[in-house]
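Visitor: Just so it is clear, I am handing over protein_21.cif, which has mmCIF, C-alpha atoms.
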data_upload
#
loop_
_atom_site.label_atom_id
_atom_site.label_comp_id
_atom_site.auth_asym_id
_atom_site.auth_seq_id
_atom_site.Cartn_x
_atom_site.Cartn_y
_atom_site.Cartn_z
CA MET M 1 -1.15 -2.56 9.64
CA THR M 2 -2.41 0.22 7.43
CA ILE M 3 -4.79 1.33 4.76
CA ASN M 4 -3.44 3.38 1.85
CA ILE M 5 -5.78 4.38 -0.98
CA ALA M 6 -5.06 6.15 -4.28
CA ILE M 7 -7.83 7.17 -6.67
CA ALA M 8 -6.85 8.82 -9.96
CA VAL M 9 -9.55 10.56 -12.00
CA ALA M 10 -9.30 12.95 -14.93
CA GLU M 11 -9.54 16.00 -12.65
CA GLY M 12 -6.92 14.96 -10.11
CA LEU M 13 -5.37 12.43 -7.76
CA VAL M 14 -6.66 11.53 -4.29
CA MET M 15 -4.54 9.81 -1.64
CA ALA M 16 -5.74 8.64 1.78
CA ALA M 17 -4.11 6.93 4.76
CA ASP M 18 -5.00 6.08 8.36
CA SER M 19 -2.96 7.04 11.43
CA VAL M 20 -2.47 3.93 13.60
CA SER M 21 0.85 2.17 14.14
CA GLN M 22 1.66 -0.75 16.42
CA MET M 23 4.96 -1.22 18.23
CA GLN M 24 5.68 -4.95 18.42
CA GLN M 25 8.33 -7.20 19.90
CA GLY M 26 8.43 -10.95 19.42
CA GLY M 27 5.03 -10.89 17.79
CA GLN M 28 3.44 -9.15 20.79
CA VAL M 29 1.91 -5.66 20.60
CA LEU M 30 3.70 -3.40 23.09
CA SER M 31 1.91 -0.14 22.30
CA THR M 32 -0.32 1.52 19.73
CA HIS M 33 0.09 5.06 18.40
CA SER M 34 -2.89 6.75 16.73
CA SER M 35 -1.31 9.98 15.47
CA VAL M 36 1.17 8.64 12.91
CA GLU M 37 1.64 10.60 9.68
CA LYS M 38 1.54 8.04 6.89
CA LEU M 39 0.65 10.57 4.17
CA THR M 40 2.64 13.73 3.53
CA GLU M 41 3.40 16.24 0.81
CA ILE M 42 6.92 16.36 -0.63
CA GLY M 43 8.83 19.64 -0.54
CA GLY M 44 6.22 22.01 -1.94
CA LEU M 45 5.83 19.93 -5.11
CA PRO M 46 2.44 18.65 -6.31
CA ILE M 47 3.68 15.24 -5.15
CA ALA M 48 2.94 13.23 -2.00
CA ALA M 49 4.06 9.97 -0.40
CA MET M 50 2.22 7.52 1.83
CA VAL M 51 3.55 4.55 3.76
CA HIS M 52 2.43 1.02 4.65
CA GLY M 53 4.22 -1.87 6.31
CA ILE M 54 6.70 -1.20 9.09
CA GLY M 55 6.42 2.21 10.73
CA SER M 56 10.08 2.74 11.58
CA ILE M 57 13.65 1.78 10.75
CA GLU M 58 15.64 1.41 13.94
CA LYS M 59 14.68 4.47 16.04
CA ARG M 60 13.51 6.55 13.08
CA THR M 61 9.90 6.79 11.93
CA ILE M 62 9.42 6.58 8.18
CA LEU M 63 8.03 10.14 8.26
CA SER M 64 11.26 11.33 9.87
CA LEU M 65 13.24 9.72 7.05
CA ILE M 66 11.00 11.28 4.38
CA ARG M 67 11.45 14.68 6.04
CA GLU M 68 15.24 14.16 6.06
CA TYR M 69 15.10 13.20 2.37
CA GLU M 70 13.17 16.38 1.61
CA PHE M 71 15.65 18.45 3.66
CA ASP M 72 18.59 16.82 1.90
CA GLN M 73 17.12 17.41 -1.56
CA ARG M 74 16.39 21.07 -0.86
CA LYS M 75 19.94 21.54 0.40
CA ASN M 76 21.90 19.59 -2.20
CA ASN M 77 19.74 19.36 -5.32
CA SER M 78 19.37 22.72 -7.04
CA ASN M 79 16.92 21.18 -9.52
CA PHE M 80 14.69 19.58 -6.91
CA MET M 81 11.71 21.86 -7.60
CA GLU M 82 11.77 20.74 -11.25
CA SER M 83 11.69 17.04 -10.32
CA ASN M 84 9.11 14.81 -11.93
CA VAL M 85 7.27 12.05 -10.06
CA LEU M 86 9.65 9.32 -11.22
CA ASP M 87 12.69 11.40 -10.18
CA VAL M 88 11.27 11.76 -6.67
CA THR M 89 10.35 8.07 -6.54
CA ASN M 90 13.84 6.92 -7.55
CA SER M 91 15.76 9.32 -5.30
CA LEU M 92 13.50 8.60 -2.31
CA ALA M 93 13.90 4.85 -2.90
CA ASP M 94 17.69 5.21 -2.94
CA PHE M 95 17.61 7.32 0.22
CA ILE M 96 15.44 4.86 2.15
CA GLU M 97 17.35 1.84 0.81
CA GLN M 98 20.59 3.04 2.41
CA ARG M 99 18.90 3.24 5.82
CA TYR M 100 16.99 0.01 5.39
CA ASN M 101 20.02 -2.02 4.32
CA ALA M 102 22.15 -0.60 7.14
CA VAL M 103 20.01 -2.41 9.71
CA ASN M 104 20.77 -5.92 10.90
CA TRP M 105 17.21 -7.17 11.15
CA GLY M 106 18.27 -10.38 12.88
CA ALA M 107 16.04 -13.43 13.11
CA PRO M 108 12.34 -13.21 12.28
CA PRO M 109 10.04 -12.59 15.25
CA GLN M 110 8.36 -15.69 16.58
CA ILE M 111 5.56 -16.49 18.99
CA GLN M 112 4.95 -19.60 21.08
CA THR M 113 1.99 -21.65 19.91
CA PRO M 114 0.66 -25.05 21.00
CA ASN M 115 2.50 -26.53 18.02
CA GLY M 116 5.81 -24.81 18.73
CA LEU M 117 7.47 -21.68 17.36
CA ILE M 118 6.25 -20.24 14.07
CA GLU M 119 7.29 -17.19 12.07
CA VAL M 120 4.84 -14.32 12.34
CA ASN M 121 5.69 -12.18 9.31
CA PRO M 122 7.80 -12.35 6.15
CA TRP M 123 11.38 -11.38 6.97
CA PRO M 124 13.10 -8.96 6.53
CA PRO M 125 10.10 -6.74 7.32
CA GLN M 126 8.06 -5.29 4.50
CA LEU M 127 7.96 -1.55 3.80
CA GLY M 128 5.93 0.05 1.05
CA ILE M 129 5.96 3.69 -0.05
CA VAL M 130 3.47 5.04 -2.59
CA VAL M 131 4.56 8.19 -4.43
CA GLY M 132 1.96 10.05 -6.49
CA GLY M 133 1.43 13.42 -8.07
CA TYR M 134 2.20 15.56 -11.09
CA SER M 135 5.36 16.13 -13.11
CA PRO M 136 6.20 19.57 -14.55
CA GLY M 137 4.21 20.24 -17.71
CA GLU M 138 2.02 17.17 -17.31
CA PHE M 139 -1.76 17.37 -16.90
CA PHE M 140 -2.34 13.78 -15.70
CA PRO M 141 -0.85 12.15 -12.58
CA ASP M 142 1.57 9.30 -12.02
CA VAL M 143 1.55 6.84 -9.12
CA PHE M 144 4.49 4.57 -8.24
CA GLN M 145 4.97 1.99 -5.50
CA ILE M 146 8.33 1.32 -3.82
CA GLN M 147 8.57 -2.03 -2.04
CA PHE M 148 11.31 -3.17 0.35
CA PRO M 149 13.36 -5.22 1.17
CA ARG M 150 14.37 -5.48 -2.51
CA LYS M 151 13.60 -1.89 -3.60
CA VAL M 152 11.16 -2.89 -6.30
CA ILE M 153 9.61 0.11 -8.08
CA GLU M 154 6.31 -0.44 -9.88
CA ARG M 155 4.13 2.00 -11.81
CA ARG M 156 0.54 1.78 -10.57
CA HIS M 157 -1.01 4.62 -12.59
CA PRO M 158 -1.49 5.02 -15.46
CA VAL M 159 -1.72 1.33 -16.23
CA THR M 160 -0.09 0.02 -19.38
CA GLY M 161 -2.11 0.89 -22.46
CA ALA M 162 -4.37 3.36 -20.65
CA ALA M 163 -5.69 6.38 -22.51
CA PRO M 164 -4.91 9.88 -21.16
CA GLY M 165 -7.26 10.69 -18.31
CA ASP M 166 -8.23 7.08 -17.57
CA SER M 167 -9.17 6.47 -13.94
CA SER M 168 -7.88 3.89 -11.50
CA ILE M 169 -8.19 2.89 -7.87
CA SER M 170 -5.51 1.12 -5.83
CA TRP M 171 -5.14 0.19 -2.18
CA TRP M 172 -2.45 -1.26 0.06
CA GLY M 173 -2.45 -2.72 3.56
CA VAL M 174 -5.67 -4.14 5.03
CA GLY M 175 -7.42 -4.74 1.74
CA GLY M 176 -9.85 -7.52 2.67
CA PRO M 177 -12.80 -5.24 3.53
CA LEU M 178 -12.40 -3.30 0.25
CA LYS M 179 -12.18 -6.47 -1.82
CA ARG M 180 -15.41 -7.68 -0.27
CA LEU M 181 -17.10 -4.31 -0.76
CA LEU M 182 -15.91 -3.44 -4.27
CA LEU M 183 -15.42 -6.90 -5.78
CA GLY M 184 -18.13 -8.73 -3.86
CA PHE M 185 -15.67 -11.31 -2.52
CA ASP M 186 -12.14 -11.58 -1.15
CA ILE M 187 -10.33 -12.99 -4.17
CA ASP M 188 -7.20 -13.85 -2.15
CA LEU M 189 -9.24 -15.93 0.26
CA LEU M 190 -11.04 -17.71 -2.55
CA MET M 191 -7.79 -18.41 -4.36
CA ALA M 192 -6.28 -19.82 -1.16
CA VAL M 193 -9.25 -22.16 -0.78
CA ASP M 194 -9.05 -23.01 -4.47
CA ALA M 195 -5.37 -23.90 -4.12
CA GLN M 196 -6.14 -26.29 -1.28
CA ILE M 197 -8.66 -28.04 -3.53
CA THR M 198 -6.70 -28.15 -6.79
CA LYS M 199 -3.15 -28.75 -5.52
CA PRO M 200 -3.75 -32.37 -4.39
CA ILE M 201 -5.42 -33.10 -7.76
CA GLN M 202 -2.47 -31.62 -9.64
CA GLN M 203 -0.02 -33.61 -7.50
CA VAL M 204 -1.82 -36.86 -8.23
CA GLN M 205 -1.93 -36.14 -11.96
CA ALA M 206 1.77 -35.27 -11.86
CA GLY M 207 2.51 -38.64 -10.28
CA GLN M 208 3.10 -37.31 -6.74
CA SER M 209 1.56 -38.22 -3.41
CA PRO M 210 -0.48 -35.38 -1.87
CA GLN M 211 0.94 -36.46 1.49
CA GLY M 212 4.51 -36.01 0.28
CA GLY M 213 5.20 -39.75 0.08
CA GLN M 214 6.82 -41.79 -2.67
CA LYS M 215 6.37 -40.59 -6.21
CA ALA M 216 3.81 -42.61 -8.14
CA ALA M 217 4.27 -43.95 -11.62
CA PRO M 218 4.79 -41.22 -14.26
CA GLN M 219 1.68 -40.22 -16.16
CA PRO M 220 1.33 -39.30 -19.84
CA ALA M 221 2.11 -35.68 -20.69
CA ALA M 222 -1.53 -34.91 -21.41
CA ALA M 223 -2.46 -35.86 -17.86
CA VAL M 224 0.02 -33.56 -16.11
CA ALA M 225 -1.27 -30.33 -17.65
CA PRO M 226 -2.54 -27.82 -15.05
CA VAL M 227 -6.04 -28.58 -13.89
CA PRO M 228 -8.48 -25.80 -14.84
CA SER M 229 -9.78 -24.15 -11.69
CA ALA M 230 -13.51 -24.67 -11.39
CA LEU M 231 -13.61 -21.84 -8.86
CA GLN M 232 -11.88 -19.37 -11.17
CA ASP M 233 -14.11 -20.40 -14.06
CA ALA M 234 -17.18 -19.96 -11.88
CA LEU M 235 -16.20 -16.40 -10.92
CA VAL M 236 -16.21 -15.11 -14.49
CA PRO M 237 -20.01 -15.06 -15.02
CA VAL M 238 -20.75 -14.24 -11.37
CA ALA M 239 -18.41 -11.25 -10.94
CA PRO M 240 -20.54 -8.65 -12.80
CA HIS M 241 -23.44 -9.39 -10.45
CA VAL M 242 -21.53 -9.05 -7.15
CA VAL M 243 -19.15 -6.13 -7.75
CA MET M 244 -20.14 -2.76 -6.30
CA PRO M 245 -21.88 -0.92 -9.16
CA THR M 246 -19.78 2.24 -9.18
CA ASN M 247 -17.78 4.01 -11.88
CA ILE M 248 -14.86 6.36 -11.27
CA ASP M 249 -14.44 7.17 -14.97
CA GLY M 250 -15.62 10.76 -15.34
CA MET M 251 -16.03 11.14 -11.57
CA PRO M 252 -15.51 14.75 -10.35
CA LEU M 253 -12.54 15.30 -8.05
CA GLN M 254 -14.71 16.13 -5.02
CA ASP M 255 -16.63 12.89 -5.45
CA ALA M 256 -13.33 11.00 -5.72
CA VAL M 257 -12.19 12.66 -2.48
CA GLU M 258 -15.39 11.65 -0.70
CA PHE M 259 -15.19 8.13 -2.18
CA ALA M 260 -11.64 7.69 -0.84
CA ASP M 261 -12.84 9.01 2.52
CA TYR M 262 -15.70 6.49 2.53
CA LEU M 263 -13.49 3.55 1.57
CA GLY M 264 -10.89 4.41 4.19
CA ASN M 265 -13.55 4.61 6.89
CA VAL M 266 -15.00 1.26 5.80
CA VAL M 267 -11.63 -0.34 6.60
CA ILE M 268 -11.31 1.60 9.86
CA GLY M 269 -14.80 0.54 10.93
CA TYR M 270 -14.17 -3.08 9.97
CA ASP M 271 -10.98 -3.11 12.04
CA ARG M 272 -12.63 -1.35 14.98
CA PHE M 273 -15.24 -4.06 15.40
CA THR M 274 -12.86 -6.94 14.74
CA ILE M 275 -11.55 -8.83 17.76
CA GLY M 276 -8.00 -7.89 18.69
CA PRO M 277 -5.91 -4.74 19.18
CA PRO M 278 -6.51 -1.91 16.69
CA SER M 279 -4.34 -2.09 13.60
CA VAL M 280 -6.07 0.54 11.43
CA GLY M 281 -7.69 3.75 12.63
CA GLY M 282 -7.17 7.20 14.02
CA CYS M 283 -7.67 10.17 11.73
CA LEU M 284 -8.02 9.29 8.06
CA ASP M 285 -5.88 11.85 6.23
CA VAL M 286 -7.20 12.62 2.75
CA LEU M 287 -5.28 14.68 0.19
CA SER M 288 -6.22 15.85 -3.31
CA ILE M 289 -3.61 16.88 -5.89
CA GLN M 290 -3.86 18.70 -9.20
CA PRO M 291 -1.06 19.96 -11.49
CA GLU M 292 -1.10 23.39 -9.81
CA GLY M 293 -0.85 22.14 -6.23
CA LEU M 294 -2.52 20.16 -3.49
CA SER M 295 -5.27 20.55 -0.91
CA TRP M 296 -6.10 18.59 2.24
CA TYR M 297 -9.67 17.41 2.63
CA ARG M 298 -8.84 16.17 6.13
CA ARG M 299 -5.60 16.19 8.11
CA LYS M 300 -4.62 15.74 11.73
CA GLU M 301 -4.64 19.17 13.38
CA PHE M 302 -1.08 19.05 14.71
CA ALA M 303 0.28 17.76 11.39
CA SER M 304 -1.49 20.62 9.65
CA LEU M 305 0.03 23.18 12.05
CA MET M 306 3.50 21.74 11.51
CA ALA M 307 3.04 21.90 7.74
CA GLN M 308 2.12 25.58 8.03
CA ALA M 309 5.22 26.18 10.12
CA ARG M 310 7.42 24.58 7.48
CA ARG M 311 5.98 26.89 4.82
CA THR M 312 6.71 30.09 6.78
#
Starting from the file, lay out its structure as structure tokens.
Guide:
Amino acid sequence: MTINIAIAVAEGLVMAADSVSQMQQGGQVLSTHSSVEKLTEIGGLPIAAMVHGIGSIEKRTILSLIREYEFDQRKNNSNFMESNVLDVTNSLADFIEQRYNAVNWGAPPQIQTPNGLIEVNPWPPQLGIVVGGYSPGEFFPDVFQIQFPRKVIERRHPVTGAAPGDSSISWWGVGGPLKRLLLGFDIDLLMAVDAQITKPIQQVQAGQSPQGGQKAAPQPAAAVAPVPSALQDALVPVAPHVVMPTNIDGMPLQDAVEFADYLGNVVIGYDRFTIGPPSVGGCLDVLSIQPEGLSWYRRKEFASLMAQARRT
């Protein structure tokens, strides 16, 4: 598991990622690594990428593949240093897709439970890459998400209809603690509970048995309309009173950096004191980017030394 965070403010873009990766087989954790680079700059550009989901493809870490992509672009693309954020996103997605699709992922991993074998994760395995930064001649950042196995590319910042300089915050991976902190509740959990309540009602009104038995007599069209969710309706007036009262609009870049650092450590602390093997943790790498370049607020020491070596 992972935590990736991206905070865009008028002064710059902040990206943060933890450093823990689990090696699993058949749903069992074989080992845990706490020095994984999930956040890295791209080829001297004011652009970075961070990773969530699986940590490797076959015997290659995702970082190794990103480094190979960067090496390949420098060698074969004479215009690489003029690339915009979308160019990098598309070419990196194509590069990773070739390696991802070349793997025979086989059957989904399963574990033995008292009720028999069950699938552990969606299959093929999920891989997400967030690419963010600045395009040549642009003062405000872009953030895109690449999602495998289907290579779906989605713009995450700026959102549709946003004014120049509008702020946004996004996260990927272990998001439950941040939903509870920032929103005041875990909306996914509430919606899951809500679905368990409303689905049987909708089935009955649609003339179906909630137990999957014989279909009942058809009902008039007016009766089969979706049932309004009492839970969703109840959240509307309550939400303003339970959300964390913070505002990233107009927030200085340093505050955004420290906010990302705080949020990342909230997730790390939550995971640390949760029963089970660690799935989020290690060093929280935090990077700030502006049109002229990037600066690390915190980075693993060895990763920092290797980055310096690449620049010399």
Visitor: From the list M:Ile187, M:Leu39, M:Ala93, M:Ala102, which residue is nearest M:Lys300 when using only C-alpha atoms?
Guide: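 Distance minimum relative to M:Lys300 lands on M:Leu39.
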Visitor: Determine, counting only C-alpha atoms, which protein, DNA and RNA residues have an atom within 8 Å of an atom of M:Ile169; residues of the same chain fewer than 5 positions away are not included. Present the result as number ranges by chain.
Guide: M: 5-8
Visitor: Name the residues captured by the PyMOL selection byres ((chain M and resi 105) around 10) when it is applied to the shown file; answer as a list in words.
Guide: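 For this structure, the PyMOL selection byres ((chain M and resi 105) around 10) captures Ile57, Glu58, Tyr100, Asn101, Ala102, Val103, Asn104, Gly106, Ala107, Pro108, Pro109, Trp123, Pro124 and Pro125 of chain M.
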Visitor: Selection in question (the file shown): the PyMOL selection byres ((chain M and resi 128) around 9). Which residues does it include, as a list in words?
Guide: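 Matching residues under the PyMOL selection byres ((chain M and resi 128) around 9) are Met50, Val51, His52, Gly53, Ile54, Gln126, Leu127, Ile129, Val130, Gln145, Ile146, Gln147, Phe148 and Trp172 of chain M.
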Visitor: Residues as selected, C-alpha atoms, written as an mmCIF file, in the coordinates of the input, can you do that?
Guide:
data_model
loop_
_atom_site.group_PDB
_atom_site.id
_atom_site.type_symbol
_atom_site.label_atom_id
_atom_site.label_comp_id
_atom_site.auth_asym_id
_atom_site.auth_seq_id
_atom_site.Cartn_x
_atom_site.Cartn_y
_atom_site.Cartn_z
ATOM 1 C CA MET M 50 2.220 7.520 1.830
ATOM 2 C CA VAL M 51 3.550 4.550 3.760
ATOM 3 C CA HIS M 52 2.430 1.020 4.650
ATOM 4 C CA GLY M 53 4.220 -1.870 6.310
ATOM 5 C CA ILE M 54 6.700 -1.200 9.090
ATOM 6 C CA GLN M 126 8.060 -5.290 4.500
ATOM 7 C CA LEU M 127 7.960 -1.550 3.800
ATOM 8 C CA ILE M 129 5.960 3.690 -0.050
ATOM 9 C CA VAL M 130 3.470 5.040 -2.590
ATOM 10 C CA GLN M 145 4.970 1.990 -5.500
ATOM 11 C CA ILE M 146 8.330 1.320 -3.820
ATOM 12 C CA GLN M 147 8.570 -2.030 -2.040
ATOM 13 C CA PHE M 148 11.310 -3.170 0.350
ATOM 14 C CA TRP M 172 -2.450 -1.260 0.060
#
Visitor: Residues within 8 Å of M:Val85, please, as a PDB file with C-alpha atoms, in the coordinates of the input. Count all atoms listed in the file; anything in the same chain fewer than 3 positions from it doesn't count.
Guide:
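The resulting part-v8.pdb:
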ATOM      1  CA  ILE M  47       3.680  15.240  -5.150  1.00  0.00           C
ATOM      2  CA  VAL M  88      11.270  11.760  -6.670  1.00  0.00           C
ATOM      3  CA  THR M  89      10.350   8.070  -6.540  1.00  0.00           C
ATOM      4  CA  VAL M 131       4.560   8.190  -4.430  1.00  0.00           C
ATOM      5  CA  GLY M 132       1.960  10.050  -6.490  1.00  0.00           C
ATOM      6  CA  GLY M 133       1.430  13.420  -8.070  1.00  0.00           C
ATOM      7  CA  TYR M 134       2.200  15.560 -11.090  1.00  0.00           C
ATOM      8  CA  SER M 135       5.360  16.130 -13.110  1.00  0.00           C
ATOM      9  CA  ASP M 142       1.570   9.300 -12.020  1.00  0.00           C
ATOM     10  CA  VAL M 143       1.550   6.840  -9.120  1.00  0.00           C
TER      11      VAL M 143
END
Visitor: Could you list the residues chosen by the PyMOL selection byres ((chain M and resi 40) around 12) in this structure as number ranges by chain?
Guide: M: 15-19, 36-39, 41-51, 62-67, 70, 129-133, 285-289, 294-296, 299-300, 303-304, 306-307
Visitor: Atom CA of M:His241 and atom CA of M:Leu183, how far apart in Å?
Guide: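 Taking atom CA of M:Leu183 as the start and atom CA of M:His241 as the end point, the length is 9.6 Å.
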Visitor: Show which residues sit within 8 Å of M:Ala10, as a list in words. Count all atoms listed in the file, and ignore same-chain residues fewer than 3 positions away.
Guide: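 The neighbour list is Phe140, Gly165, Asp166, Ser167, Asp249, Gly250, Met251, Pro252 and Leu253 of chain M.
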Visitor: Output the selection as a short mmCIF file (atom, residue, chain, number, x, y, z; two decimals), in the frame of the given file - C-alpha atoms for each residue.
Guide:
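Result written to out-v3.cif:
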data_model
loop_
_atom_site.label_atom_id
_atom_site.label_comp_id
_atom_site.auth_asym_id
_atom_site.auth_seq_id
_atom_site.Cartn_x
_atom_site.Cartn_y
_atom_site.Cartn_z
CA PHE M 140 -2.34 13.78 -15.70
CA GLY M 165 -7.26 10.69 -18.31
CA ASP M 166 -8.23 7.08 -17.57
CA SER M 167 -9.17 6.47 -13.94
CA ASP M 249 -14.44 7.17 -14.97
CA GLY M 250 -15.62 10.76 -15.34
CA MET M 251 -16.03 11.14 -11.57
CA PRO M 252 -15.51 14.75 -10.35
CA LEU M 253 -12.54 15.30 -8.05
#
Visitor: Would you mind telling me which residue in M:Val14, M:Thr2, M:Val243, M:Gly282 lies nearest to M:Ser168 when using all atoms listed in the file?
Guide: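 Distance minimum relative to M:Ser168 lands on M:Val14.
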Visitor: Residues near M:Asp186, anyone? I mean within 12 Å using all atoms listed in the file, not counting same-chain ones fewer than 2 positions away, as a ChimeraX atom specification.
Guide: /M:174-184,188-193,235,239,242-243
Visitor: Could you check how far atom CA of M:Gly264 sits from atom CA of M:Phe144, in Å to one decimal?
Guide: 19.8 Å
Visitor: Enclose stretch 40-57 of chain M, meaning all of its atoms listed in the file, in a box aligned along x, y and z, pad it by 4 Å on each side, and list the centre and edge lengths in Å to one decimal, as JSON.
Guide:
{"center_x": 7.9, "center_y": 10.1, "center_z": 2.6, "size_x": 19.4, "size_y": 31.9, "size_z": 25.9}
Visitor: For M:Val280, which of M:Thr312, M:Thr246, M:Ser31, M:Ser21 is the closest residue, counting only C-alpha atoms?
Guide: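 The answer is M:Ser21, which sits nearest to M:Val280.
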Visitor: To one decimal place, how far is atom CA of M:Cys283 from atom CA of M:Phe71 in Å?
Guide: 26.0 Å
Visitor: Between M:Pro164, M:Pro240, M:Gly269, M:Pro122, which one has atoms that come closest to M:Glu138, using only C-alpha atoms?
Guide: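 Smallest distance to M:Glu138 is found for M:Pro164.
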Visitor: M:Phe302, M:Asn90, M:Ser279, M:Asn247: which is nearest M:Glu154, counting all atoms listed in the file?
Guide: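 Under the stated criterion, the closest residue is M:Asn90.
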